file data_1.txt (compact mmCIF, C-alpha atoms)
# COMPACT_ATOMS: atom_id res chain seq x y z
CA MET A 338 109.05 128.72 79.67
CA TYR A 339 110.55 125.26 79.64
CA LEU A 340 112.96 125.93 82.55
CA THR A 341 111.86 126.02 86.15
CA ALA A 342 113.76 127.92 88.82
CA GLU A 343 115.11 124.65 90.24
CA LYS A 344 116.39 123.53 86.83
CA LYS A 345 118.17 126.87 86.34
CA GLN A 346 119.76 126.61 89.78
CA GLU A 347 120.97 123.12 88.91
CA ILE A 348 122.48 124.35 85.63
CA PHE A 349 124.23 127.21 87.43
CA LYS A 350 125.56 124.84 90.07
CA THR A 351 126.89 122.24 87.63
CA SER A 352 128.40 124.57 85.03
CA SER A 353 130.04 127.09 87.33
CA ILE A 354 133.56 126.78 88.69
CA SER A 355 132.56 128.07 92.12
CA GLN A 356 129.80 125.39 92.40
CA LYS A 357 127.30 127.88 93.86
CA SER A 358 123.75 128.01 92.61
CA THR A 359 123.69 131.78 93.19
CA ASP A 360 126.52 132.39 90.70
CA THR A 361 124.35 133.48 87.79
CA GLY A 362 126.54 136.16 86.24
CA SER A 363 129.76 134.32 85.54
CA ALA A 364 130.64 133.44 81.99
CA GLU A 365 130.60 129.73 82.79
CA SER A 366 127.08 129.92 84.19
CA GLN A 367 125.78 131.82 81.18
CA ILE A 368 127.49 129.42 78.76
CA GLY A 369 125.90 126.52 80.62
CA LEU A 370 122.47 128.12 80.34
CA PHE A 371 122.99 128.83 76.62
CA THR A 372 124.09 125.24 76.05
CA ASP A 373 120.99 123.87 77.74
CA ARG A 374 118.74 126.12 75.64
CA ILE A 375 120.62 125.15 72.45
CA GLN A 376 120.09 121.46 73.19
CA HIS A 377 116.39 122.06 73.87
CA LEU A 378 115.92 124.01 70.62
CA THR A 379 117.86 121.41 68.63
CA LEU A 380 115.47 118.69 69.78
CA HIS A 381 112.52 120.92 68.88
CA LEU A 382 113.89 121.54 65.38
CA GLN A 383 114.44 117.85 64.75
CA ASN A 384 110.68 117.36 65.08
CA ASN A 385 109.63 120.66 63.45
CA LYS A 386 111.88 121.09 60.44
CA LYS A 387 110.02 124.08 58.98
CA ASP A 388 110.06 126.24 62.11
CA PHE A 389 112.30 128.92 60.66
CA SER A 390 111.84 131.49 63.41
CA THR A 391 113.09 129.01 66.01
CA LYS A 392 116.00 128.20 63.71
CA MET A 393 116.97 131.88 63.61
CA GLY A 394 116.73 132.07 67.39
CA LEU A 395 118.96 129.01 67.67
CA LEU A 396 121.57 130.54 65.38
CA ARG A 397 121.57 133.76 67.43
CA LEU A 398 121.98 131.76 70.61
CA VAL A 399 124.91 129.80 69.15
CA GLY A 400 126.51 133.12 68.18
CA LYS A 401 126.05 134.48 71.70
CA ARG A 402 127.64 131.38 73.18
CA ARG A 403 130.51 131.60 70.69
CA ARG A 404 131.18 135.24 71.62
CA MET A 405 131.07 134.39 75.32
CA LEU A 406 133.53 131.53 74.76
CA ASP A 407 135.82 133.85 72.77
CA TYR A 408 135.74 136.35 75.62
CA LEU A 409 136.56 133.63 78.13
CA SER A 410 139.44 132.28 76.03
CA GLU A 411 140.99 135.76 75.87
CA LYS A 412 140.42 136.45 79.57
CA ASP A 413 141.45 133.12 81.13
CA ILE A 414 142.39 130.13 78.96
CA ASN A 415 142.21 127.65 81.86
CA ARG A 416 138.59 128.54 82.63
CA TYR A 417 137.82 128.25 78.89
CA ARG A 418 139.35 124.79 78.67
CA ALA A 419 137.54 123.69 81.82
CA ILE A 420 134.10 124.78 80.58
CA ILE A 421 134.43 123.22 77.12
CA ALA A 422 135.61 119.97 78.72
CA LYS A 423 132.77 119.99 81.26
CA LEU A 424 130.01 120.74 78.76
CA GLY A 425 131.47 118.74 75.87
CA ILE A 426 131.12 121.62 73.41
CA ARG A 427 134.18 120.87 71.29
CA LYS A 428 136.44 117.99 70.49

call {"tool": "encode", "arguments": {"input": "data_1.txt", "output": "structure tokens"}}
result
Amino acid sequence: MYLTAEKKQEIFKTSSISQKSTDTGSAESQIGLFTDRIQHLTLHLQNNKKDFSTKMGLLRLVGKRRRMLDYLSEKDINRYRAIIAKLGIRK
């Protein structure tokens, strides 16, 4: 896969509120991982426009991230605002 263990630990450390690389289950960590994968697949699809199976995977991943963000906004709005500001997901 395109991610090494060190890269994943870095994503978990930068996207999490607790700033621990072992915090892999929090919503912020998962959203950070989804965002990194979405960016990677977007770059792939810019070069390979007819890769429809990757496009479907990208759309599923965006839906997963959207559901996770919806959950976080219902659970704790401050954490939601912090993660969208940190990752630059929305305007």

call {"tool": "residues_around", "arguments": {"input": "data_1.txt", "residues": "range 405-410 of chain A", "least_positions_apart": "6", "cutoff": "12 Å", "atoms": "all atoms listed in the file", "output": "list of chain:residue names"}}
result
A:Gly362, A:Ser363, A:Ala364, A:Glu365, A:Ser366, A:Gln367, A:Ile368, A:Gly369, A:Leu370, A:Phe371, A:Thr372, A:Leu398, A:Val399, A:Arg416, A:Tyr417, A:Arg418, A:Ala419, A:Ile420, A:Ile421, A:Ile426, A:Arg427

call {"tool": "atom_distance", "arguments": {"input": "data_1.txt", "atom1": "CA of Arg374 in chain A", "atom2": "CA of Asp413 in chain A"}}
result
24.4 Å

call {"tool": "closest_residue", "arguments": {"input": "data_1.txt", "among": "A:Thr359, A:Lys401, A:Thr391, A:Glu411", "to": "Ala342 in chain A", "atoms": "all atoms listed in the file"}}
result
A:Thr359

call {"tool": "closest_residue", "arguments": {"input": "data_1.txt", "among": "A:Ala422, A:Lys412, A:Leu395, A:Asp388", "to": "Gln376 in chain A", "atoms": "only C-alpha atoms"}}
result
A:Leu395

call {"tool": "residues_near_point", "arguments": {"input": "data_1.txt", "point": "(111.6, 125.1, 79.3)", "cutoff": "9 Å", "atoms": "only C-alpha atoms", "output": "PyMOL selection string"}}
result
chain A and resi 338-341+374+377

call {"tool": "atom_distance", "arguments": {"input": "data_1.txt", "atom1": "CA of Glu343 in chain A", "atom2": "CA of Met393 in chain A"}}
result
27.7 Å

call {"tool": "atom_distance", "arguments": {"input": "data_1.txt", "atom1": "CA of Gly400 in chain A", "atom2": "CA of His381 in chain A"}}
result
18.6 Å

call {"tool": "closest_residue", "arguments": {"input": "data_1.txt", "among": "A:Thr361, A:Arg403, A:Lys392, A:Leu380", "to": "Ile348 in chain A", "atoms": "all atoms listed in the file"}}
result
A:Thr361

call {"tool": "closest_residue", "arguments": {"input": "data_1.txt", "among": "A:Phe389, A:Ile414, A:Asp360, A:Gly394", "to": "Ile375 in chain A", "atoms": "all atoms listed in the file"}}
result
A:Gly394

call {"tool": "axis_aligned_box", "arguments": {"input": "data_1.txt", "around": "range 412-422 of chain A", "padding_each_side": "6 Å", "output": "AutoDock Vina command-line options"}}
result
--center_x 138.2 --center_y 128.2 --center_z 79.9 --size_x 20.3 --size_y 28.5 --size_z 17.5
